[in-house]
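Peer 1: Handing over work31.pdb, PDB, C-alpha atoms, pLDDT in the B column.
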```
MODEL        1
ATOM      1  CA  MET A   1      64.607 -40.145 -62.862  1.00 77.00           C
ATOM      2  CA  ASP A   2      67.208 -38.039 -64.592  1.00 81.00           C
ATOM      3  CA  ALA A   3      66.932 -39.201 -68.174  1.00 90.00           C
ATOM      4  CA  PRO A   4      64.206 -40.812 -70.230  1.00 95.00           C
ATOM      5  CA  VAL A   5      64.204 -44.583 -70.595  1.00 97.00           C
ATOM      6  CA  ASN A   6      64.812 -45.801 -74.123  1.00 97.00           C
ATOM      7  CA  LEU A   7      62.959 -49.086 -74.196  1.00 97.00           C
ATOM      8  CA  ALA A   8      65.011 -50.619 -77.027  1.00 97.00           C
ATOM      9  CA  ALA A   9      68.245 -49.857 -75.194  1.00 97.00           C
ATOM     10  CA  ALA A  10      66.837 -51.276 -71.978  1.00 97.00           C
ATOM     11  CA  PHE A  11      65.715 -54.473 -73.730  1.00 97.00           C
ATOM     12  CA  ALA A  12      69.234 -54.820 -75.153  1.00 97.00           C
ATOM     13  CA  THR A  13      70.680 -55.203 -71.654  1.00 96.00           C
ATOM     14  CA  PHE A  14      69.268 -58.706 -71.031  1.00 96.00           C
ATOM     15  CA  ASP A  15      68.222 -61.896 -72.783  1.00 96.00           C
ATOM     16  CA  ASP A  16      66.559 -64.084 -70.161  1.00 95.00           C
ATOM     17  CA  HIS A  17      62.859 -64.818 -70.344  1.00 95.00           C
ATOM     18  CA  TRP A  18      60.152 -64.263 -67.727  1.00 93.00           C
ATOM     19  CA  ALA A  19      62.612 -62.083 -65.816  1.00 93.00           C
ATOM     20  CA  PRO A  20      61.215 -58.553 -65.656  1.00 94.00           C
ATOM     21  CA  ARG A  21      63.430 -55.515 -65.338  1.00 95.00           C
ATOM     22  CA  ILE A  22      62.216 -52.343 -63.650  1.00 95.00           C
ATOM     23  CA  VAL A  23      62.701 -49.298 -65.871  1.00 96.00           C
ATOM     24  CA  ALA A  24      60.708 -46.676 -63.983  1.00 96.00           C
ATOM     25  CA  ARG A  25      58.504 -46.087 -60.977  1.00 94.00           C
ATOM     26  CA  TYR A  26      55.153 -44.366 -60.936  1.00 93.00           C
ATOM     27  CA  ASN A  27      53.100 -43.715 -57.785  1.00 93.00           C
ATOM     28  CA  GLY A  28      54.258 -46.854 -56.041  1.00 91.00           C
ATOM     29  CA  ASN A  29      54.034 -48.963 -59.176  1.00 93.00           C
ATOM     30  CA  GLU A  30      56.886 -50.482 -61.118  1.00 93.00           C
ATOM     31  CA  VAL A  31      57.066 -50.121 -64.877  1.00 95.00           C
ATOM     32  CA  ARG A  32      58.730 -53.324 -66.002  1.00 96.00           C
ATOM     33  CA  ILE A  33      59.942 -54.663 -69.313  1.00 97.00           C
ATOM     34  CA  VAL A  34      60.127 -58.368 -69.951  1.00 96.00           C
ATOM     35  CA  LYS A  35      61.007 -60.807 -72.716  1.00 97.00           C
ATOM     36  CA  VAL A  36      58.960 -63.998 -72.740  1.00 96.00           C
ATOM     37  CA  ALA A  37      58.713 -67.171 -74.797  1.00 97.00           C
ATOM     38  CA  GLY A  38      56.712 -70.339 -74.281  1.00 96.00           C
ATOM     39  CA  GLU A  39      54.270 -70.939 -71.452  1.00 93.00           C
ATOM     40  CA  PHE A  40      54.170 -69.285 -68.054  1.00 92.00           C
ATOM     41  CA  LEU A  41      52.263 -70.528 -65.005  1.00 91.00           C
ATOM     42  CA  TRP A  42      48.580 -70.188 -64.242  1.00 94.00           C
ATOM     43  CA  HIS A  43      48.300 -67.586 -61.523  1.00 92.00           C
ATOM     44  CA  ALA A  44      46.284 -64.682 -60.183  1.00 92.00           C
ATOM     45  CA  HIS A  45      47.101 -61.536 -58.252  1.00 91.00           C
ATOM     46  CA  ALA A  46      44.589 -61.176 -55.444  1.00 91.00           C
ATOM     47  CA  ASP A  47      45.214 -57.496 -54.812  1.00 91.00           C
ATOM     48  CA  THR A  48      46.187 -55.929 -58.089  1.00 93.00           C
ATOM     49  CA  ASP A  49      45.260 -55.612 -61.718  1.00 94.00           C
ATOM     50  CA  ASP A  50      47.965 -56.632 -64.182  1.00 93.00           C
ATOM     51  CA  LEU A  51      48.675 -54.390 -67.178  1.00 95.00           C
ATOM     52  CA  PHE A  52      50.224 -55.824 -70.353  1.00 97.00           C
ATOM     53  CA  LEU A  53      51.354 -53.755 -73.355  1.00 98.00           C
ATOM     54  CA  VAL A  54      52.921 -55.844 -76.119  1.00 98.00           C
ATOM     55  CA  LEU A  55      55.677 -54.144 -78.117  1.00 98.00           C
ATOM     56  CA  ASP A  56      56.912 -57.060 -80.245  1.00 97.00           C
ATOM     57  CA  GLY A  57      55.556 -60.532 -80.914  1.00 98.00           C
ATOM     58  CA  VAL A  58      52.205 -62.160 -80.191  1.00 98.00           C
ATOM     59  CA  LEU A  59      51.092 -62.963 -76.654  1.00 98.00           C
ATOM     60  CA  ASP A  60      48.177 -65.145 -75.689  1.00 98.00           C
ATOM     61  CA  ILE A  61      46.767 -64.388 -72.269  1.00 97.00           C
ATOM     62  CA  GLU A  62      44.823 -67.511 -71.454  1.00 97.00           C
ATOM     63  CA  LEU A  63      41.892 -66.985 -69.128  1.00 97.00           C
ATOM     64  CA  ARG A  64      39.875 -69.899 -67.777  1.00 96.00           C
ATOM     65  CA  ASP A  65      37.046 -69.280 -70.234  1.00 95.00           C
ATOM     66  CA  ARG A  66      38.807 -67.747 -73.254  1.00 96.00           C
ATOM     67  CA  THR A  67      42.076 -66.466 -74.643  1.00 97.00           C
ATOM     68  CA  VAL A  68      42.951 -62.815 -75.226  1.00 97.00           C
ATOM     69  CA  THR A  69      45.564 -62.384 -77.969  1.00 98.00           C
ATOM     70  CA  LEU A  70      47.783 -59.308 -77.942  1.00 98.00           C
ATOM     71  CA  ARG A  71      49.769 -58.143 -80.960  1.00 98.00           C
ATOM     72  CA  PRO A  72      52.262 -55.256 -81.049  1.00 97.00           C
ATOM     73  CA  GLY A  73      50.642 -52.032 -79.930  1.00 97.00           C
ATOM     74  CA  GLU A  74      47.884 -53.834 -78.046  1.00 98.00           C
ATOM     75  CA  LEU A  75      47.141 -53.464 -74.363  1.00 97.00           C
ATOM     76  CA  TYR A  76      45.108 -55.513 -71.892  1.00 97.00           C
ATOM     77  CA  VAL A  77      44.474 -55.330 -68.164  1.00 97.00           C
ATOM     78  CA  VAL A  78      43.814 -58.596 -66.308  1.00 96.00           C
ATOM     79  CA  PRO A  79      41.586 -57.656 -63.371  1.00 95.00           C
ATOM     80  CA  ARG A  80      42.676 -58.552 -59.875  1.00 94.00           C
ATOM     81  CA  GLY A  81      41.819 -62.046 -58.812  1.00 95.00           C
ATOM     82  CA  VAL A  82      41.401 -63.373 -62.349  1.00 96.00           C
ATOM     83  CA  GLU A  83      43.414 -66.483 -63.126  1.00 96.00           C
ATOM     84  CA  HIS A  84      45.526 -66.148 -66.228  1.00 95.00           C
ATOM     85  CA  ARG A  85      48.432 -67.749 -68.028  1.00 96.00           C
ATOM     86  CA  PRO A  86      50.576 -65.752 -70.461  1.00 96.00           C
ATOM     87  CA  VAL A  87      51.811 -67.869 -73.373  1.00 97.00           C
ATOM     88  CA  ALA A  88      54.079 -66.838 -76.239  1.00 97.00           C
ATOM     89  CA  ARG A  89      53.585 -69.580 -78.803  1.00 96.00           C
ATOM     90  CA  HIS A  90      55.180 -67.903 -81.795  1.00 92.00           C
ATOM     91  CA  GLY A  91      58.619 -66.787 -80.708  1.00 96.00           C
ATOM     92  CA  GLU A  92      59.797 -64.125 -78.320  1.00 98.00           C
ATOM     93  CA  VAL A  93      57.484 -61.416 -77.057  1.00 98.00           C
ATOM     94  CA  ARG A  94      58.665 -58.102 -75.635  1.00 98.00           C
ATOM     95  CA  MET A  95      56.247 -56.265 -73.444  1.00 98.00           C
ATOM     96  CA  ILE A  96      55.696 -53.719 -70.710  1.00 97.00           C
ATOM     97  CA  ASN A  97      54.021 -54.723 -67.463  1.00 95.00           C
ATOM     98  CA  ILE A  98      52.930 -52.345 -64.748  1.00 93.00           C
ATOM     99  CA  GLU A  99      52.337 -53.698 -61.272  1.00 90.00           C
ATOM    100  CA  PRO A 100      52.541 -52.307 -57.762  1.00 90.00           C
ATOM    101  CA  ALA A 101      56.040 -52.314 -56.305  1.00 89.00           C
ATOM    102  CA  GLY A 102      56.702 -55.627 -54.633  1.00 80.00           C
ATOM    103  CA  THR A 103      54.315 -57.688 -56.731  1.00 80.00           C
ATOM    104  CA  ASP A 104      55.935 -60.982 -57.679  1.00 73.00           C
ATOM    105  CA  ASN A 105      55.420 -62.577 -61.083  1.00 69.00           C
ATOM    106  CA  VAL A 106      53.061 -65.321 -60.019  1.00 65.00           C
ATOM    107  CA  GLY A 107      51.155 -63.876 -57.105  1.00 62.00           C
ATOM    108  CA  ASP A 108      52.537 -66.317 -54.542  1.00 61.00           C
ATOM    109  CA  GLY A 109      55.017 -64.009 -52.874  1.00 58.00           C
ATOM    110  CA  SER A 110      58.067 -65.935 -54.074  1.00 58.00           C
ATOM    111  CA  PRO A 111      61.034 -63.639 -53.494  1.00 50.00           C
ATOM    112  CA  GLN A 112      62.954 -65.251 -56.372  1.00 50.00           C
ATOM    113  CA  ARG A 113      60.276 -63.995 -58.715  1.00 59.00           C
ATOM    114  CA  ARG A 114      60.815 -60.374 -57.806  1.00 64.00           C
ATOM    115  CA  PRO A 115      61.822 -58.128 -60.689  1.00 71.00           C
ATOM    116  CA  VAL A 116      65.209 -56.476 -60.561  1.00 71.00           C
ATOM    117  CA  GLU A 117      66.389 -53.083 -61.682  1.00 75.00           C
ATOM    118  CA  VAL A 118      67.341 -52.772 -65.298  1.00 73.00           C
ATOM    119  CA  ALA A 119      71.079 -52.406 -65.773  1.00 71.00           C
ATOM    120  CA  ALA A 120      72.264 -49.083 -67.049  1.00 62.00           C
ATOM    121  CA  PRO A 121      71.896 -49.238 -70.817  1.00 52.00           C
ATOM    122  CA  PRO A 122      75.100 -49.032 -72.819  1.00 48.00           C
ATOM    123  CA  ALA A 123      76.210 -45.438 -73.323  1.00 46.00           C
TER     124      ALA A 123
ATOM    125  CA  MET B   1      37.726 -55.221 -70.209  1.00 78.00           C
ATOM    126  CA  ASP B   2      36.530 -57.745 -72.738  1.00 81.00           C
ATOM    127  CA  ALA B   3      38.926 -57.240 -75.602  1.00 90.00           C
ATOM    128  CA  PRO B   4      42.438 -55.855 -75.899  1.00 96.00           C
ATOM    129  CA  VAL B   5      42.886 -52.233 -76.886  1.00 97.00           C
ATOM    130  CA  ASN B   6      44.560 -51.714 -80.232  1.00 97.00           C
ATOM    131  CA  LEU B   7      46.290 -48.377 -79.786  1.00 97.00           C
ATOM    132  CA  ALA B   8      46.397 -47.525 -83.503  1.00 97.00           C
ATOM    133  CA  ALA B   9      42.657 -48.132 -83.824  1.00 97.00           C
ATOM    134  CA  ALA B  10      41.981 -46.062 -80.719  1.00 97.00           C
ATOM    135  CA  PHE B  11      44.110 -43.175 -82.026  1.00 97.00           C
ATOM    136  CA  ALA B  12      42.140 -43.300 -85.276  1.00 97.00           C
ATOM    137  CA  THR B  13      38.932 -42.366 -83.445  1.00 96.00           C
ATOM    138  CA  PHE B  14      39.919 -38.747 -82.756  1.00 96.00           C
ATOM    139  CA  ASP B  15      41.985 -35.868 -84.073  1.00 96.00           C
ATOM    140  CA  ASP B  16      41.893 -33.144 -81.432  1.00 95.00           C
ATOM    141  CA  HIS B  17      45.016 -32.222 -79.536  1.00 95.00           C
ATOM    142  CA  TRP B  18      45.616 -32.143 -75.773  1.00 93.00           C
ATOM    143  CA  ALA B  19      42.373 -34.092 -75.328  1.00 93.00           C
ATOM    144  CA  PRO B  20      43.203 -37.436 -73.731  1.00 94.00           C
ATOM    145  CA  ARG B  21      41.048 -40.511 -74.253  1.00 95.00           C
ATOM    146  CA  ILE B  22      40.839 -43.236 -71.628  1.00 95.00           C
ATOM    147  CA  VAL B  23      41.581 -46.647 -73.117  1.00 96.00           C
ATOM    148  CA  ALA B  24      41.908 -48.782 -69.986  1.00 96.00           C
ATOM    149  CA  ARG B  25      41.876 -48.675 -66.213  1.00 94.00           C
ATOM    150  CA  TYR B  26      44.445 -50.171 -63.893  1.00 93.00           C
ATOM    151  CA  ASN B  27      44.191 -50.109 -60.094  1.00 93.00           C
ATOM    152  CA  GLY B  28      42.415 -46.790 -59.976  1.00 91.00           C
ATOM    153  CA  ASN B  29      44.582 -45.280 -62.676  1.00 93.00           C
ATOM    154  CA  GLU B  30      43.536 -44.287 -66.153  1.00 93.00           C
ATOM    155  CA  VAL B  31      45.588 -45.335 -69.150  1.00 95.00           C
ATOM    156  CA  ARG B  32      45.121 -42.484 -71.595  1.00 96.00           C
ATOM    157  CA  ILE B  33      46.164 -41.848 -75.155  1.00 97.00           C
ATOM    158  CA  VAL B  34      46.617 -38.342 -76.435  1.00 96.00           C
ATOM    159  CA  LYS B  35      47.688 -36.489 -79.563  1.00 97.00           C
ATOM    160  CA  VAL B  36      49.533 -33.247 -78.948  1.00 96.00           C
ATOM    161  CA  ALA B  37      51.125 -30.478 -80.971  1.00 97.00           C
ATOM    162  CA  GLY B  38      52.616 -27.162 -79.962  1.00 96.00           C
ATOM    163  CA  GLU B  39      52.944 -25.913 -76.408  1.00 93.00           C
ATOM    164  CA  PHE B  40      50.938 -26.921 -73.379  1.00 92.00           C
ATOM    165  CA  LEU B  41      50.755 -25.032 -70.077  1.00 91.00           C
ATOM    166  CA  TRP B  42      53.236 -25.006 -67.250  1.00 94.00           C
ATOM    167  CA  HIS B  43      51.705 -27.080 -64.476  1.00 92.00           C
ATOM    168  CA  ALA B  44      52.361 -29.567 -61.713  1.00 92.00           C
ATOM    169  CA  HIS B  45      50.369 -32.353 -60.104  1.00 91.00           C
ATOM    170  CA  ALA B  46      50.716 -32.044 -56.350  1.00 91.00           C
ATOM    171  CA  ASP B  47      49.606 -35.573 -55.559  1.00 91.00           C
ATOM    172  CA  THR B  48      50.669 -37.774 -58.430  1.00 93.00           C
ATOM    173  CA  ASP B  49      53.535 -38.686 -60.685  1.00 94.00           C
ATOM    174  CA  ASP B  50      52.884 -38.279 -64.395  1.00 93.00           C
ATOM    175  CA  LEU B  51      53.952 -41.059 -66.780  1.00 95.00           C
ATOM    176  CA  PHE B  52      54.675 -40.312 -70.454  1.00 97.00           C
ATOM    177  CA  LEU B  53      55.419 -42.946 -73.096  1.00 98.00           C
ATOM    178  CA  VAL B  54      55.909 -41.490 -76.580  1.00 98.00           C
ATOM    179  CA  LEU B  55      54.766 -43.681 -79.472  1.00 97.00           C
ATOM    180  CA  ASP B  56      55.214 -41.281 -82.407  1.00 97.00           C
ATOM    181  CA  GLY B  57      56.900 -37.905 -82.753  1.00 98.00           C
ATOM    182  CA  VAL B  58      59.256 -35.984 -80.502  1.00 98.00           C
ATOM    183  CA  LEU B  59      58.102 -34.484 -77.204  1.00 98.00           C
ATOM    184  CA  ASP B  60      60.019 -32.011 -75.116  1.00 98.00           C
ATOM    185  CA  ILE B  61      59.097 -32.065 -71.458  1.00 97.00           C
ATOM    186  CA  GLU B  62      60.370 -28.729 -70.228  1.00 97.00           C
ATOM    187  CA  LEU B  63      61.317 -28.634 -66.576  1.00 97.00           C
ATOM    188  CA  ARG B  64      62.314 -25.427 -64.844  1.00 96.00           C
ATOM    189  CA  ASP B  65      66.014 -26.319 -65.002  1.00 95.00           C
ATOM    190  CA  ARG B  66      66.289 -28.472 -68.131  1.00 96.00           C
ATOM    191  CA  THR B  67      64.393 -30.163 -70.937  1.00 97.00           C
ATOM    192  CA  VAL B  68      63.815 -33.902 -71.246  1.00 97.00           C
ATOM    193  CA  THR B  69      63.306 -34.958 -74.869  1.00 98.00           C
ATOM    194  CA  LEU B  70      61.321 -38.115 -75.611  1.00 98.00           C
ATOM    195  CA  ARG B  71      61.429 -39.921 -78.934  1.00 98.00           C
ATOM    196  CA  PRO B  72      59.297 -42.916 -79.957  1.00 97.00           C
ATOM    197  CA  GLY B  73      59.761 -45.786 -77.537  1.00 97.00           C
ATOM    198  CA  GLU B  74      60.970 -43.508 -74.753  1.00 98.00           C
ATOM    199  CA  LEU B  75      59.374 -43.155 -71.346  1.00 97.00           C
ATOM    200  CA  TYR B  76      59.675 -40.590 -68.585  1.00 97.00           C
ATOM    201  CA  VAL B  77      57.963 -40.056 -65.246  1.00 97.00           C
ATOM    202  CA  VAL B  78      57.601 -36.490 -63.981  1.00 96.00           C
ATOM    203  CA  PRO B  79      57.605 -36.760 -60.197  1.00 95.00           C
ATOM    204  CA  ARG B  80      54.708 -35.327 -58.271  1.00 94.00           C
ATOM    205  CA  GLY B  81      54.986 -31.643 -57.525  1.00 95.00           C
ATOM    206  CA  VAL B  82      57.488 -30.948 -60.302  1.00 96.00           C
ATOM    207  CA  GLU B  83      56.524 -28.144 -62.651  1.00 96.00           C
ATOM    208  CA  HIS B  84      56.642 -29.171 -66.278  1.00 95.00           C
ATOM    209  CA  ARG B  85      55.456 -28.098 -69.702  1.00 96.00           C
ATOM    210  CA  PRO B  86      55.032 -30.615 -72.515  1.00 96.00           C
ATOM    211  CA  VAL B  87      55.890 -29.140 -75.916  1.00 97.00           C
ATOM    212  CA  ALA B  88      55.695 -30.796 -79.336  1.00 97.00           C
ATOM    213  CA  ARG B  89      57.794 -28.537 -81.545  1.00 96.00           C
ATOM    214  CA  HIS B  90      58.164 -30.812 -84.540  1.00 92.00           C
ATOM    215  CA  GLY B  91      54.664 -31.914 -85.523  1.00 96.00           C
ATOM    216  CA  GLU B  92      52.153 -34.170 -83.850  1.00 98.00           C
ATOM    217  CA  VAL B  93      53.117 -36.463 -81.008  1.00 98.00           C
ATOM    218  CA  ARG B  94      51.135 -39.530 -79.999  1.00 98.00           C
ATOM    219  CA  MET B  95      51.669 -40.798 -76.512  1.00 98.00           C
ATOM    220  CA  ILE B  96      50.358 -42.772 -73.593  1.00 97.00           C
ATOM    221  CA  ASN B  97      49.833 -41.108 -70.213  1.00 95.00           C
ATOM    222  CA  ILE B  98      48.968 -42.881 -67.013  1.00 93.00           C
ATOM    223  CA  GLU B  99      47.465 -40.893 -64.178  1.00 90.00           C
ATOM    224  CA  PRO B 100      45.141 -41.647 -61.278  1.00 90.00           C
ATOM    225  CA  ALA B 101      41.471 -41.581 -62.194  1.00 89.00           C
ATOM    226  CA  GLY B 102      40.149 -38.071 -61.878  1.00 81.00           C
ATOM    227  CA  THR B 103      43.429 -36.265 -62.481  1.00 80.00           C
ATOM    228  CA  ASP B 104      42.903 -33.305 -64.778  1.00 73.00           C
ATOM    229  CA  ASN B 105      45.421 -32.325 -67.424  1.00 69.00           C
ATOM    230  CA  VAL B 106      46.847 -29.302 -65.694  1.00 65.00           C
ATOM    231  CA  GLY B 107      46.566 -30.062 -62.021  1.00 62.00           C
ATOM    232  CA  ASP B 108      44.100 -27.280 -61.297  1.00 61.00           C
ATOM    233  CA  GLY B 109      40.975 -29.398 -61.011  1.00 58.00           C
ATOM    234  CA  SER B 110      39.368 -27.918 -64.127  1.00 58.00           C
ATOM    235  CA  PRO B 111      36.474 -30.212 -65.002  1.00 50.00           C
ATOM    236  CA  GLN B 112      36.730 -29.285 -68.675  1.00 50.00           C
ATOM    237  CA  ARG B 113      40.183 -30.768 -68.726  1.00 59.00           C
ATOM    238  CA  ARG B 114      39.035 -34.199 -67.649  1.00 64.00           C
ATOM    239  CA  PRO B 115      39.751 -36.984 -70.113  1.00 71.00           C
ATOM    240  CA  VAL B 116      36.850 -38.809 -71.708  1.00 71.00           C
ATOM    241  CA  GLU B 117      36.372 -42.420 -72.668  1.00 75.00           C
ATOM    242  CA  VAL B 118      37.704 -43.420 -76.028  1.00 73.00           C
ATOM    243  CA  ALA B 119      34.964 -44.065 -78.543  1.00 71.00           C
ATOM    244  CA  ALA B 120      34.563 -47.645 -79.648  1.00 62.00           C
ATOM    245  CA  PRO B 121      37.089 -48.145 -82.431  1.00 52.00           C
ATOM    246  CA  PRO B 122      35.678 -48.907 -85.862  1.00 48.00           C
ATOM    247  CA  ALA B 123      34.901 -52.612 -86.230  1.00 46.00           C
TER     248      ALA B 123
ENDMDL
END
```
Let's see the structure in the file written out as structure tokens.
Peer 2:
Amino acid sequence: MDAPVNLAAAFATFDDHWAPRIVARYNGNEVRIVKVAGEFLWHAHADTDDLFLVLDGVLDIELRDRTVTLRPGELYVVPRGVEHRPVARHGEVRMINIEPAGTDNVGDGSPQRRPVEVAAPPA
Amino acid sequence: MDAPVNLAAAFATFDDHWAPRIVARYNGNEVRIVKVAGEFLWHAHADTDDLFLVLDGVLDIELRDRTVTLRPGELYVVPRGVEHRPVARHGEVRMINIEPAGTDNVGDGSPQRRPVEVAAPPA
């Protein structure tokens, strides 16, 4: 990468929810930013942990036996194979996810759930 | 991990510089937080990229041909093998680094440069 990624500028390039954008790559992983609101699907990733770092808003990560709540500046890693459902009950959440390149959102291989590159931020 | 990591609480558990603390693990990588000030050493990691996300302060990542400056909310990945020197010229910087488990700070295998676990944050 030539220049640093300004996360605020990258977030300003899109408005859709549950549609991650790739902002950087690290050792075969994708660093993704995503805006979410409401409920996502129950899912698990058989082969990879799933890192969440919340930047704005409050995210509930529902597990089958409890709920982990993330506020801004809080980080959680869902271990591989663990079923979870991210839910943003209180307005929009902005967060960073890191997952191996090629990991789809819901662990079922759906190509339409693949993240796309972030657009070039406005100059 | 049982509970989310609150980054502010984790930063409050230490004051030393260039001494990363491990706050989470992700697919064989360590998510580390670190406070830095002043100049570090020129070094490269032959086998791994090096991810920097600045949370507070201004960090210059000097490369041999240019300097990449990171402000809060800015992220940069130094590719593997690329010589770099992190420098915090304007006071303390707080940042997240992600590196494979076992990677030392300066790429020379020095055991004394291995990050340690973060202490349990105050309740």
Peer 1: What are the residues of chain A lining chain B at 9 Å or less? Count only C-alpha atoms, and put the answer as a PyMOL selection string.
Peer 2: chain A and resi 1-8+23-27+48-51+68-80+98-100
Peer 1: Could you do a least-squares fit of chain B on chain A over every C-alpha atom, in sequence order, and give the output as a tab-separated table (two decimals) with C-alpha atoms, in the frame of the given file?
Peer 2:
```tsv
chain	number	residue	atom	x	y	z
B	1	MET	CA	64.59	-40.13	-62.85
B	2	ASP	CA	67.20	-38.04	-64.59
B	3	ALA	CA	66.93	-39.19	-68.16
B	4	PRO	CA	64.20	-40.82	-70.22
B	5	VAL	CA	64.21	-44.58	-70.61
B	6	ASN	CA	64.81	-45.79	-74.14
B	7	LEU	CA	62.96	-49.09	-74.21
B	8	ALA	CA	65.01	-50.60	-77.04
B	9	ALA	CA	68.25	-49.84	-75.19
B	10	ALA	CA	66.84	-51.27	-71.98
B	11	PHE	CA	65.73	-54.47	-73.74
B	12	ALA	CA	69.24	-54.81	-75.16
B	13	THR	CA	70.68	-55.21	-71.66
B	14	PHE	CA	69.27	-58.70	-71.04
B	15	ASP	CA	68.21	-61.89	-72.78
B	16	ASP	CA	66.57	-64.08	-70.16
B	17	HIS	CA	62.88	-64.83	-70.34
B	18	TRP	CA	60.17	-64.27	-67.72
B	19	ALA	CA	62.63	-62.08	-65.81
B	20	PRO	CA	61.22	-58.56	-65.65
B	21	ARG	CA	63.44	-55.50	-65.34
B	22	ILE	CA	62.22	-52.34	-63.64
B	23	VAL	CA	62.70	-49.31	-65.87
B	24	ALA	CA	60.72	-46.67	-63.98
B	25	ARG	CA	58.51	-46.09	-60.98
B	26	TYR	CA	55.16	-44.36	-60.94
B	27	ASN	CA	53.12	-43.72	-57.79
B	28	GLY	CA	54.28	-46.85	-56.05
B	29	ASN	CA	54.04	-48.95	-59.18
B	30	GLU	CA	56.88	-50.49	-61.12
B	31	VAL	CA	57.06	-50.12	-64.88
B	32	ARG	CA	58.71	-53.33	-66.01
B	33	ILE	CA	59.94	-54.66	-69.31
B	34	VAL	CA	60.12	-58.36	-69.95
B	35	LYS	CA	61.00	-60.81	-72.71
B	36	VAL	CA	58.96	-63.99	-72.73
B	37	ALA	CA	58.71	-67.17	-74.77
B	38	GLY	CA	56.71	-70.33	-74.26
B	39	GLU	CA	54.28	-70.94	-71.43
B	40	PHE	CA	54.16	-69.28	-68.04
B	41	LEU	CA	52.25	-70.53	-65.00
B	42	TRP	CA	48.58	-70.20	-64.23
B	43	HIS	CA	48.30	-67.57	-61.52
B	44	ALA	CA	46.28	-64.67	-60.18
B	45	HIS	CA	47.10	-61.53	-58.25
B	46	ALA	CA	44.58	-61.17	-55.44
B	47	ASP	CA	45.22	-57.50	-54.80
B	48	THR	CA	46.19	-55.92	-58.08
B	49	ASP	CA	45.27	-55.60	-61.71
B	50	ASP	CA	47.96	-56.63	-64.17
B	51	LEU	CA	48.67	-54.39	-67.18
B	52	PHE	CA	50.22	-55.83	-70.36
B	53	LEU	CA	51.34	-53.77	-73.36
B	54	VAL	CA	52.91	-55.85	-76.12
B	55	LEU	CA	55.67	-54.15	-78.12
B	56	ASP	CA	56.90	-57.07	-80.26
B	57	GLY	CA	55.55	-60.54	-80.92
B	58	VAL	CA	52.21	-62.17	-80.19
B	59	LEU	CA	51.10	-62.98	-76.65
B	60	ASP	CA	48.18	-65.14	-75.69
B	61	ILE	CA	46.77	-64.38	-72.28
B	62	GLU	CA	44.82	-67.51	-71.46
B	63	LEU	CA	41.89	-67.00	-69.13
B	64	ARG	CA	39.88	-69.90	-67.78
B	65	ASP	CA	37.05	-69.27	-70.25
B	66	ARG	CA	38.80	-67.74	-73.26
B	67	THR	CA	42.08	-66.47	-74.65
B	68	VAL	CA	42.95	-62.82	-75.23
B	69	THR	CA	45.56	-62.40	-77.97
B	70	LEU	CA	47.79	-59.32	-77.95
B	71	ARG	CA	49.77	-58.15	-80.95
B	72	PRO	CA	52.27	-55.26	-81.04
B	73	GLY	CA	50.63	-52.04	-79.93
B	74	GLU	CA	47.88	-53.85	-78.04
B	75	LEU	CA	47.13	-53.48	-74.35
B	76	TYR	CA	45.11	-55.52	-71.90
B	77	VAL	CA	44.48	-55.34	-68.16
B	78	VAL	CA	43.81	-58.60	-66.31
B	79	PRO	CA	41.59	-57.65	-63.39
B	80	ARG	CA	42.70	-58.54	-59.90
B	81	GLY	CA	41.82	-62.03	-58.82
B	82	VAL	CA	41.40	-63.37	-62.35
B	83	GLU	CA	43.40	-66.49	-63.12
B	84	HIS	CA	45.51	-66.14	-66.23
B	85	ARG	CA	48.42	-67.74	-68.03
B	86	PRO	CA	50.58	-65.75	-70.45
B	87	VAL	CA	51.81	-67.86	-73.36
B	88	ALA	CA	54.08	-66.84	-76.24
B	89	ARG	CA	53.56	-69.58	-78.81
B	90	HIS	CA	55.17	-67.90	-81.79
B	91	GLY	CA	58.63	-66.79	-80.70
B	92	GLU	CA	59.80	-64.12	-78.30
B	93	VAL	CA	57.48	-61.42	-77.05
B	94	ARG	CA	58.66	-58.11	-75.64
B	95	MET	CA	56.24	-56.27	-73.44
B	96	ILE	CA	55.69	-53.72	-70.73
B	97	ASN	CA	54.02	-54.72	-67.46
B	98	ILE	CA	52.93	-52.35	-64.75
B	99	GLU	CA	52.35	-53.70	-61.27
B	100	PRO	CA	52.55	-52.30	-57.76
B	101	ALA	CA	56.04	-52.31	-56.30
B	102	GLY	CA	56.71	-55.62	-54.64
B	103	THR	CA	54.32	-57.70	-56.72
B	104	ASP	CA	55.92	-60.98	-57.68
B	105	ASN	CA	55.40	-62.57	-61.08
B	106	VAL	CA	53.06	-65.32	-60.01
B	107	GLY	CA	51.16	-63.89	-57.09
B	108	ASP	CA	52.55	-66.34	-54.57
B	109	GLY	CA	55.02	-64.03	-52.88
B	110	SER	CA	58.07	-65.94	-54.11
B	111	PRO	CA	61.05	-63.68	-53.51
B	112	GLN	CA	62.96	-65.26	-56.38
B	113	ARG	CA	60.30	-64.02	-58.73
B	114	ARG	CA	60.79	-60.39	-57.82
B	115	PRO	CA	61.83	-58.14	-60.68
B	116	VAL	CA	65.21	-56.46	-60.55
B	117	GLU	CA	66.38	-53.06	-61.68
B	118	VAL	CA	67.35	-52.77	-65.29
B	119	ALA	CA	71.08	-52.42	-65.76
B	120	ALA	CA	72.27	-49.08	-67.04
B	121	PRO	CA	71.91	-49.24	-70.81
B	122	PRO	CA	75.12	-49.03	-72.81
B	123	ALA	CA	76.18	-45.41	-73.31
```
Peer 1: Need the neighbours of (58.0, -56.0, -66.4): which residues are at most 6 Å away, counting all atoms listed in the file, as a list in words?
Peer 2: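 Returned residue set, sorted by chain then number, is Pro20, Arg21, Arg32, Ile33, Val34, Ile96 and Asn97 of chain A.
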Peer 1: Could you expand the PyMOL selection byres ((chain B and resi 18) around 6) into the explicit residues it covers here, written as a list of chain:residue names?
Peer 2: B:His17, B:Ala19, B:Val36
